[in-house]
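Engineer: protein_2.pdb is reproduced below (PDB, C-alpha atoms).
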```
ATOM      1  CA  MET A  26       0.000   0.000   0.000
ATOM      2  CA  PRO A  27       1.256   3.544  -0.699
ATOM      3  CA  GLU A  28       2.354   5.553   2.270
ATOM      4  CA  PRO A  29       0.192   8.410   3.579
ATOM      5  CA  LEU A  30       1.273  11.769   2.200
ATOM      6  CA  SER A  31       1.365  14.389   4.932
ATOM      7  CA  ASN A  32       1.524  17.283   2.477
ATOM      8  CA  LEU A  33      -1.790  16.106   1.017
ATOM      9  CA  MET A  34      -3.445  15.777   4.411
ATOM     10  CA  PRO A  35      -2.032  18.492   6.693
ATOM     11  CA  LYS A  36      -5.275  18.626   8.712
ATOM     12  CA  PRO A  37      -8.199  16.183   8.789
ATOM     13  CA  TRP A  38     -10.793  18.789   7.845
ATOM     14  CA  ILE A  39      -8.817  19.744   4.736
ATOM     15  CA  THR A  40      -8.946  16.120   3.616
ATOM     16  CA  GLN A  41     -12.691  16.091   4.330
ATOM     17  CA  ALA A  42     -13.169  19.303   2.340
ATOM     18  CA  ARG A  43     -11.242  17.896  -0.627
ATOM     19  CA  ARG A  44     -13.215  14.661  -0.566
ATOM     20  CA  LEU A  45     -16.515  16.544  -0.458
ATOM     21  CA  ALA A  46     -15.435  18.730  -3.380
ATOM     22  CA  ARG A  47     -14.517  15.691  -5.458
ATOM     23  CA  SER A  48     -17.709  13.801  -4.627
ATOM     24  CA  GLN A  49     -20.170  16.396  -5.934
ATOM     25  CA  GLY A  50     -21.219  16.841  -9.554
ATOM     26  CA  SER A  51     -23.456  19.846  -8.997
ATOM     27  CA  GLY A  52     -23.746  22.800  -6.676
ATOM     28  CA  LEU A  53     -25.177  26.248  -6.052
ATOM     29  CA  LEU A  54     -23.298  28.965  -7.928
ATOM     30  CA  SER A  55     -23.831  32.440  -6.475
ATOM     31  CA  THR A  56     -23.093  35.442  -8.682
ATOM     32  CA  LEU A  57     -23.798  39.171  -8.373
ATOM     33  CA  SER A  58     -26.958  40.064 -10.265
ATOM     34  CA  GLN A  59     -26.547  42.763 -12.875
ATOM     35  CA  LYS A  60     -30.278  42.964 -13.444
ATOM     36  CA  LEU A  61     -30.995  43.485  -9.744
ATOM     37  CA  GLY A  62     -28.163  45.817  -8.810
ATOM     38  CA  GLY A  63     -25.736  43.380  -7.193
ATOM     39  CA  TYR A  64     -28.065  41.158  -5.178
ATOM     40  CA  PRO A  65     -26.729  37.594  -4.775
ATOM     41  CA  PHE A  66     -28.151  35.354  -7.481
ATOM     42  CA  GLY A  67     -28.120  31.571  -7.006
ATOM     43  CA  SER A  68     -28.042  29.039  -9.852
ATOM     44  CA  ALA A  69     -27.837  25.253  -9.932
ATOM     45  CA  VAL A  70     -24.892  24.151 -12.095
ATOM     46  CA  ASN A  71     -23.174  20.928 -13.083
ATOM     47  CA  LEU A  72     -19.433  20.858 -12.519
ATOM     48  CA  ILE A  73     -16.229  18.900 -12.521
ATOM     49  CA  MET A  74     -13.099  19.621 -10.525
ATOM     50  CA  ASP A  75      -9.889  20.651 -12.261
ATOM     51  CA  THR A  76      -6.662  19.027 -11.085
ATOM     52  CA  ASP A  77      -6.128  21.910  -8.631
ATOM     53  CA  LEU A  78      -9.639  21.346  -7.196
ATOM     54  CA  SER A  79     -11.030  24.484  -8.804
ATOM     55  CA  PRO A  80     -14.625  23.980 -10.007
ATOM     56  CA  VAL A  81     -15.181  24.029 -13.771
ATOM     57  CA  PHE A  82     -18.585  24.776 -15.327
ATOM     58  CA  PHE A  83     -19.818  24.456 -18.905
ATOM     59  CA  ILE A  84     -22.301  27.296 -19.266
ATOM     60  CA  SER A  85     -24.123  29.301 -21.899
ATOM     61  CA  THR A  86     -23.746  33.016 -22.535
ATOM     62  CA  LEU A  87     -27.553  33.127 -22.471
ATOM     63  CA  ALA A  88     -27.628  32.095 -18.818
ATOM     64  CA  GLU A  89     -28.197  34.758 -16.182
ATOM     65  CA  HIS A  90     -25.192  33.635 -14.136
ATOM     66  CA  THR A  91     -22.887  33.910 -17.175
ATOM     67  CA  ARG A  92     -24.032  37.454 -17.836
ATOM     68  CA  ASN A  93     -23.349  38.247 -14.189
ATOM     69  CA  LEU A  94     -19.845  36.779 -14.358
ATOM     70  CA  LEU A  95     -19.010  38.703 -17.506
ATOM     71  CA  ALA A  96     -19.819  41.918 -15.643
ATOM     72  CA  ASP A  97     -18.330  40.936 -12.269
ATOM     73  CA  PRO A  98     -16.294  37.718 -11.903
ATOM     74  CA  ARG A  99     -16.692  37.437  -8.126
ATOM     75  CA  ALA A 100     -18.639  34.324  -7.188
ATOM     76  CA  SER A 101     -18.996  31.469  -4.748
ATOM     77  CA  LEU A 102     -19.967  27.821  -5.068
ATOM     78  CA  THR A 103     -21.702  25.881  -2.302
ATOM     79  CA  LEU A 104     -21.477  22.090  -2.184
ATOM     80  CA  ILE A 105     -23.569  20.102   0.261
ATOM     81  CA  GLU A 106     -23.317  16.469   1.293
ATOM     82  CA  PRO A 107     -26.684  14.860   0.458
ATOM     83  CA  SER A 108     -28.807  14.472   3.594
ATOM     84  CA  GLU A 109     -32.302  14.967   4.917
ATOM     85  CA  ASP A 110     -30.818  17.456   7.399
ATOM     86  CA  VAL A 111     -28.303  19.609   5.533
ATOM     87  CA  GLN A 112     -27.190  21.409   8.696
ATOM     88  CA  ALA A 113     -26.129  18.166  10.319
ATOM     89  CA  HIS A 114     -23.798  17.162   7.503
ATOM     90  CA  ALA A 115     -20.787  18.547   5.678
ATOM     91  CA  ARG A 116     -20.923  21.545   3.355
ATOM     92  CA  LEU A 117     -18.282  23.504   1.529
ATOM     93  CA  THR A 118     -18.206  27.021   0.099
ATOM     94  CA  LEU A 119     -15.546  27.968  -2.441
ATOM     95  CA  ILE A 120     -15.084  31.699  -3.021
ATOM     96  CA  GLY A 121     -13.103  33.430  -5.732
ATOM     97  CA  GLN A 122     -13.192  34.960  -9.182
ATOM     98  CA  ALA A 123     -14.406  33.132 -12.257
ATOM     99  CA  SER A 124     -12.707  33.242 -15.636
ATOM    100  CA  CYS A 125     -13.569  31.889 -19.071
ATOM    101  CA  MET A 126     -11.197  29.112 -20.095
ATOM    102  CA  LYS A 127      -9.549  28.480 -23.458
ATOM    103  CA  GLU A 128     -10.894  25.464 -25.343
ATOM    104  CA  ASP A 129      -9.155  22.285 -24.220
ATOM    105  CA  ARG A 130      -9.851  18.910 -25.842
ATOM    106  CA  ALA A 131      -8.816  16.959 -22.758
ATOM    107  CA  LEU A 132     -11.011  19.092 -20.514
ATOM    108  CA  ARG A 133     -13.975  18.759 -22.869
ATOM    109  CA  ALA A 134     -13.525  14.980 -23.037
ATOM    110  CA  ARG A 135     -13.330  14.721 -19.251
ATOM    111  CA  TYR A 136     -16.448  16.855 -18.804
ATOM    112  CA  LEU A 137     -18.367  14.732 -21.309
ATOM    113  CA  ASN A 138     -17.279  11.583 -19.463
ATOM    114  CA  TYR A 139     -19.082  12.899 -16.401
ATOM    115  CA  PHE A 140     -22.035  14.391 -18.277
ATOM    116  CA  PRO A 141     -22.700  12.335 -21.437
ATOM    117  CA  ASP A 142     -25.968  14.215 -22.067
ATOM    118  CA  ALA A 143     -23.922  17.368 -22.659
ATOM    119  CA  HIS A 144     -22.965  15.940 -26.070
ATOM    120  CA  GLU A 145     -26.291  17.318 -27.299
ATOM    121  CA  TYR A 146     -25.188  20.923 -26.821
ATOM    122  CA  SER A 147     -21.400  20.702 -26.457
ATOM    123  CA  ASP A 148     -20.755  22.033 -29.960
ATOM    124  CA  MET A 149     -23.027  25.048 -29.634
ATOM    125  CA  HIS A 150     -21.053  28.277 -29.923
ATOM    126  CA  ASP A 151     -22.722  29.958 -26.950
ATOM    127  CA  PHE A 152     -21.370  27.374 -24.460
ATOM    128  CA  SER A 153     -17.933  27.711 -22.889
ATOM    129  CA  PHE A 154     -15.940  26.471 -19.924
ATOM    130  CA  TRP A 155     -15.568  28.688 -16.874
ATOM    131  CA  LYS A 156     -13.346  28.099 -13.869
ATOM    132  CA  LEU A 157     -13.794  29.430 -10.354
ATOM    133  CA  ASN A 158     -10.291  30.354  -9.168
ATOM    134  CA  VAL A 159     -10.515  29.593  -5.468
ATOM    135  CA  GLU A 160      -9.308  32.303  -3.086
ATOM    136  CA  HIS A 161     -11.143  31.394   0.135
ATOM    137  CA  VAL A 162     -12.589  28.139   1.470
ATOM    138  CA  ARG A 163     -15.214  27.667   4.167
ATOM    139  CA  PHE A 164     -15.802  24.098   5.367
ATOM    140  CA  ILE A 165     -18.352  22.913   7.904
ATOM    141  CA  GLY A 166     -17.975  19.251   8.726
ATOM    142  CA  GLY A 167     -20.914  19.118  11.098
ATOM    143  CA  PHE A 168     -21.715  20.432  14.553
ATOM    144  CA  GLY A 169     -18.610  21.992  16.111
ATOM    145  CA  SER A 170     -16.454  21.490  13.018
ATOM    146  CA  ILE A 171     -16.244  24.900  11.349
ATOM    147  CA  HIS A 172     -13.135  26.047   9.480
ATOM    148  CA  TRP A 173     -11.763  28.716   7.169
ATOM    149  CA  ILE A 174      -9.130  27.026   5.000
ATOM    150  CA  LYS A 175      -6.399  28.869   3.121
ATOM    151  CA  ALA A 176      -6.576  28.358  -0.629
ATOM    152  CA  ALA A 177      -2.954  27.162  -0.666
ATOM    153  CA  GLU A 178      -3.819  24.434   1.845
ATOM    154  CA  TYR A 179      -6.973  23.391  -0.004
ATOM    155  CA  THR A 180      -5.163  23.034  -3.351
ATOM    156  CA  PRO A 181      -3.432  19.643  -3.722
ATOM    157  CA  PRO A 182       0.099  19.486  -5.134
ATOM    158  CA  THR A 183       0.577  18.731  -8.818
ATOM    159  CA  CYS A 184       1.575  15.142  -9.457
ATOM    160  CA  GLU A 185       2.195  12.478 -12.074
ATOM    161  CA  LEU A 186      -1.360  11.226 -11.734
ATOM    162  CA  ASP A 187      -2.702  14.493 -13.176
ATOM    163  CA  ARG A 188      -1.190  13.756 -16.591
ATOM    164  CA  MET A 189      -1.736   9.978 -16.432
ATOM    165  CA  GLN A 190      -5.473  10.083 -15.828
ATOM    166  CA  SER A 191      -6.535   9.377 -19.416
ATOM    167  CA  ALA A 192      -4.184   6.420 -19.800
ATOM    168  CA  ILE A 193      -5.291   4.853 -16.493
ATOM    169  CA  ILE A 194      -8.974   5.327 -17.305
ATOM    170  CA  SER A 195      -8.552   3.809 -20.776
ATOM    171  CA  HIS A 196      -6.655   0.827 -19.368
ATOM    172  CA  MET A 197      -9.215   0.122 -16.631
ATOM    173  CA  ASN A 198     -12.168   0.331 -19.009
ATOM    174  CA  LYS A 199     -10.502  -1.839 -21.641
ATOM    175  CA  ASP A 200      -8.896  -4.525 -19.501
ATOM    176  CA  HIS A 201     -10.596  -4.510 -16.083
ATOM    177  CA  HIS A 202     -14.326  -4.126 -16.671
ATOM    178  CA  LEU A 203     -15.147  -7.016 -14.320
ATOM    179  CA  ALA A 204     -13.108  -5.404 -11.542
ATOM    180  CA  LEU A 205     -15.111  -2.176 -11.945
ATOM    181  CA  VAL A 206     -18.381  -4.092 -11.640
ATOM    182  CA  HIS A 207     -16.962  -5.870  -8.587
ATOM    183  CA  TYR A 208     -16.147  -2.538  -6.902
ATOM    184  CA  CYS A 209     -19.776  -1.482  -7.410
ATOM    185  CA  GLN A 210     -21.074  -4.722  -5.939
ATOM    186  CA  GLN A 211     -18.859  -4.811  -2.891
ATOM    187  CA  ILE A 212     -18.671  -1.129  -1.965
ATOM    188  CA  HIS A 213     -21.955   0.364  -3.177
ATOM    189  CA  ARG A 214     -24.028  -2.839  -3.130
ATOM    190  CA  VAL A 215     -25.252  -2.477  -6.703
ATOM    191  CA  THR A 216     -24.718  -4.749  -9.701
ATOM    192  CA  PRO A 217     -24.669  -2.624 -12.846
ATOM    193  CA  SER A 218     -24.907  -4.084 -16.317
ATOM    194  CA  ASN A 219     -22.212  -1.604 -17.316
ATOM    195  CA  ALA A 220     -19.545   0.168 -15.259
ATOM    196  CA  GLU A 221     -17.085   2.633 -16.739
ATOM    197  CA  MET A 222     -14.318   4.591 -15.037
ATOM    198  CA  ILE A 223     -14.715   8.300 -15.829
ATOM    199  CA  GLY A 224     -12.156   9.907 -13.513
ATOM    200  CA  ILE A 225      -9.314   9.228 -11.095
ATOM    201  CA  ASP A 226      -7.480  11.571  -8.737
ATOM    202  CA  GLU A 227      -5.337  11.616  -5.602
ATOM    203  CA  ASP A 228      -8.271  10.794  -3.311
ATOM    204  CA  GLY A 229     -10.207   8.210  -5.307
ATOM    205  CA  PHE A 230     -11.991   7.470  -8.549
ATOM    206  CA  ASP A 231     -15.406   7.818 -10.179
ATOM    207  CA  LEU A 232     -17.412   5.256 -12.100
ATOM    208  CA  LEU A 233     -20.492   5.664 -14.248
ATOM    209  CA  ALA A 234     -22.607   2.630 -13.366
ATOM    210  CA  ASP A 235     -25.652   2.309 -15.634
ATOM    211  CA  GLY A 236     -25.584   6.078 -16.031
ATOM    212  CA  LYS A 237     -25.227   6.866 -12.316
ATOM    213  CA  LYS A 238     -22.022   8.350 -10.915
ATOM    214  CA  LEU A 239     -20.478   6.428  -8.020
ATOM    215  CA  ARG A 240     -17.545   7.718  -5.979
ATOM    216  CA  PHE A 241     -14.862   5.443  -4.490
ATOM    217  CA  ASP A 242     -12.402   6.889  -1.956
ATOM    218  CA  PHE A 243      -8.852   5.623  -1.644
ATOM    219  CA  PRO A 244      -7.691   4.624   1.864
ATOM    220  CA  VAL A 245      -4.833   7.136   1.498
ATOM    221  CA  PRO A 246      -4.021   9.726  -1.191
ATOM    222  CA  ILE A 247      -1.818   8.620  -4.088
ATOM    223  CA  LEU A 248       0.342  10.599  -6.506
ATOM    224  CA  THR A 249       1.696   8.197  -9.138
ATOM    225  CA  ALA A 250       0.374   5.747 -11.715
ATOM    226  CA  GLN A 251       2.139   2.902  -9.894
ATOM    227  CA  ALA A 252       0.496   3.893  -6.621
ATOM    228  CA  ALA A 253      -2.875   3.957  -8.398
ATOM    229  CA  ARG A 254      -2.264   0.438  -9.706
ATOM    230  CA  ASP A 255      -1.268  -0.799  -6.247
ATOM    231  CA  VAL A 256      -4.261   0.677  -4.459
ATOM    232  CA  LEU A 257      -6.757  -0.522  -7.108
ATOM    233  CA  MET A 258      -5.370  -4.053  -6.821
ATOM    234  CA  SER A 259      -5.448  -3.855  -3.038
ATOM    235  CA  MET A 260      -9.079  -2.663  -3.050
ATOM    236  CA  ALA A 261     -10.006  -5.545  -5.348
ATOM    237  CA  ARG A 262      -8.390  -8.063  -2.967
ATOM    238  CA  ASP A 263      -9.921  -6.481   0.134
ATOM    239  CA  THR A 264     -13.452  -6.478  -1.277
ATOM    240  CA  GLN A 265     -13.182 -10.204  -2.023
ATOM    241  CA  CYS A 266     -12.648 -11.035   1.636
TER     242      CYS A 266
END
```
What does the file become when written as structure tokens?

Structural biologist:
Amino acid sequence: MPEPLSNLMPKPWITQARRLARSQGSGLLSTLSQKLGGYPFGSAVNLIMDTDLSPVFFISTLAEHTRNLLADPRASLTLIEPSEDVQAHARLTLIGQASCMKEDRALRARYLNYFPDAHEYSDMHDFSFWKLNVEHVRFIGGFGSIHWIKAAEYTPPTCELDRMQSAIISHMNKDHHLALVHYCQQIHRVTPSNAEMIGIDEDGFDLLADGKKLRFDFPVPILTAQAARDVLMSMARDTQC
């Protein structure tokens, strides 16, 4: 098993905040309304996380929130752990300035892995990728666990895994489909007819199981392709016990 990486987990609540950020595929984006003179304006948006854990959105220039960002890039994103009582569970607010991103084939492919339905409008000229450049982080892990986190602490270090994601995903989907189904059975107690890896990062990986996203956390963070291989093999062995 790979060794724990202290620089990835300097404090437990930072690890919890990172895991929550990676687990969510949608959130509440708050922008400053141009129509209403600067009042906060909330919008539900789909998102993926960039390698530096900055949220990335694929949004239309026709949307109210896009118009707001074009006039004033300040924004925040709130992510909430699903629960019947939202105040009893973890939530995360990322605050910063949004910027329109240059077209990136790898980014587009990764986004479409997570949101296959976006193929229908992905080639429309009025859609573009925006990134929220995180400057402040507020994490509430539950009662009595309330933290402001510095952006530098929230952001994970760059690593080999960032540039090896596509190769690992391709290999797992091509050669280890049965293992992916097995993970779903043993960890999430579902047996999908189809399971496909759509993302992998320092903290875990994501599968699309019959169209539903499932998150799998690693026991410890990993940084290299070899460490990813080791931990995936170890998880497969452990779930067979």

Engineer: Translate the PyMOL selection byres ((chain A and resi 187-202) around 8) into a concrete residue list for this structure, as an MDAnalysis selection string.

Structural biologist: chainID A and resid 76 183:186 203:206 220:226 250

Engineer: Centre and edge lengths of an axis-aligned box around all listed atoms of stretch 157-161 of chain A, with 8 Å added on each side, are to be given in Å to one decimal, as lines of an AutoDock Vina configuration file.

Structural biologist:
```
center_x = -11.6
center_y = 30.9
center_z = -5.1
size_x = 20.5
size_y = 18.9
size_z = 26.5
```

Engineer: Please report the interatomic distance between atom CA of A:Thr180 and atom CA of A:Ala100 in Å with one decimal.

Structural biologist: 18.0 Å

Engineer: One decimal, Å: what's the distance from atom CA of A:Pro246 over to atom CA of A:Thr103, could you say?

Structural biologist: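 Going from atom CA of A:Pro246 over to atom CA of A:Thr103, I get 24.0 Å.
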
Engineer: When distances are computed from all atoms listed in the file, which of A:Lys156, A:Lys237, A:His150, A:Arg47 shows the smallest separation from A:Ser124?

Structural biologist: A:Lys156

Engineer: For the structure shown, which residues end up in the PyMOL selection byres ((chain A and resi 79) around 8)? Put them as a PDB file with C-alpha atoms, keeping the file's coordinate frame, please?

Structural biologist:
```
ATOM      1  CA  MET A  74     -13.099  19.621 -10.525  1.00  0.00           C
ATOM      2  CA  ASP A  75      -9.889  20.651 -12.261  1.00  0.00           C
ATOM      3  CA  THR A  76      -6.662  19.027 -11.085  1.00  0.00           C
ATOM      4  CA  ASP A  77      -6.128  21.910  -8.631  1.00  0.00           C
ATOM      5  CA  LEU A  78      -9.639  21.346  -7.196  1.00  0.00           C
ATOM      6  CA  PRO A  80     -14.625  23.980 -10.007  1.00  0.00           C
ATOM      7  CA  VAL A  81     -15.181  24.029 -13.771  1.00  0.00           C
ATOM      8  CA  LYS A 156     -13.346  28.099 -13.869  1.00  0.00           C
ATOM      9  CA  LEU A 157     -13.794  29.430 -10.354  1.00  0.00           C
ATOM     10  CA  ASN A 158     -10.291  30.354  -9.168  1.00  0.00           C
ATOM     11  CA  VAL A 159     -10.515  29.593  -5.468  1.00  0.00           C
TER      12      VAL A 159
END
```

Engineer: Do you know which residues are at most 9 Å from A:His161 counting all atoms listed in the file, after dropping those on the same chain fewer than 2 positions away, and could you put them as a list in words?

Structural biologist: Thr118, Leu119, Ile120, Gly121, Val159, Arg163, Trp173, Ile174, Lys175 and Ala176 of chain A

Engineer: Near A:Ile105, counting all atoms listed in the file, which residues have an atom at most 7 Å away, once you skip same-chain residues fewer than 4 positions from it, shown as a CSV table (one decimal) with C-alpha atoms, keeping the file's coordinate frame?

Structural biologist:
```csv
chain,number,residue,atom,x,y,z
A,115,ALA,CA,-20.8,18.5,5.7
A,116,ARG,CA,-20.9,21.5,3.4
A,117,LEU,CA,-18.3,23.5,1.5
```

Engineer: Mind giving me the straight-line distance from atom CA of A:Glu178 to atom CA of A:Leu102 in Å, one decimal?

Structural biologist: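 Separation of atom CA of A:Glu178 and atom CA of A:Leu102: 17.9 Å.
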
Engineer: Specify as a list in words each residue included when the PyMOL selection byres ((chain A and resi 65) around 10) is applied to this file.

Structural biologist: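 The output of the PyMOL selection byres ((chain A and resi 65) around 10) on this file is Leu54, Ser55, Thr56, Leu57, Ser58, Gln59, Leu61, Gly62, Gly63, Tyr64, Phe66, Gly67, Ala100 and Ser101 of chain A.
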
Engineer: Could you pull the residues within 9 Å of A:His213, counting all atoms listed in the file, minus those fewer than 4 positions along the same chain, as a ChimeraX atom specification?

Structural biologist: /A:208-209,239,241

Engineer: Which one is closest to A:Glu128: A:Asp228, A:Asp263, A:Glu106, A:Asp148? Count all atoms listed in the file.

Structural biologist: A:Asp148

Engineer: Between A:Tyr136, A:Tyr179, A:Phe243, A:Trp38, which is the closest to A:Asn71 once you count all atoms listed in the file?

Structural biologist: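 Looking at the shortest contact to A:Asn71, the residue is A:Tyr136.
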
Engineer: Which is closest to A:Asp110 among A:Arg92, A:Phe168, A:Met149, A:Gln251, if we use all atoms listed in the file?

Structural biologist: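 Once distances to A:Asp110 are computed over all atoms listed in the file, the minimum belongs to A:Phe168.
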
Engineer: Between A:Cys125, A:Ala69, A:Leu45, A:Leu257, which one has atoms that come closest to A:Thr86, using all atoms listed in the file?

Structural biologist: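 Nearest candidate to A:Thr86 out of A:Cys125, A:Ala69, A:Leu45, A:Leu257: A:Cys125.
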
Engineer: Hey, which of A:Met260, A:Ile212, A:Leu132, A:Val245 ends up closest to A:Arg44? Count all atoms listed in the file.

Structural biologist: A:Val245

Engineer: Within 9 Å of A:Ser85, counting only C-alpha atoms, which residues show up once you throw out same-chain ones fewer than 4 positions away? Write them as a count of residues only, please.

Structural biologist: 9

Engineer: Would you pick out the contacts of A:Gly167 at 6 Å or less, using all atoms listed in the file, so that residues sharing its chain but fewer than 3 positions from it are not included, and give the list as a VMD selection string?

Structural biologist: chain A and resid 113 to 115 170

Engineer: Emit the selected residues as a PDB file, in the coordinates of the input, including C-alpha atoms.

Structural biologist:
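Wrote selection.pdb, looks like this:
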```pdb
ATOM      1  CA  ALA A 113     -26.129  18.166  10.319  1.00  0.00           C
ATOM      2  CA  HIS A 114     -23.798  17.162   7.503  1.00  0.00           C
ATOM      3  CA  ALA A 115     -20.787  18.547   5.678  1.00  0.00           C
ATOM      4  CA  SER A 170     -16.454  21.490  13.018  1.00  0.00           C
TER       5      SER A 170
END
```
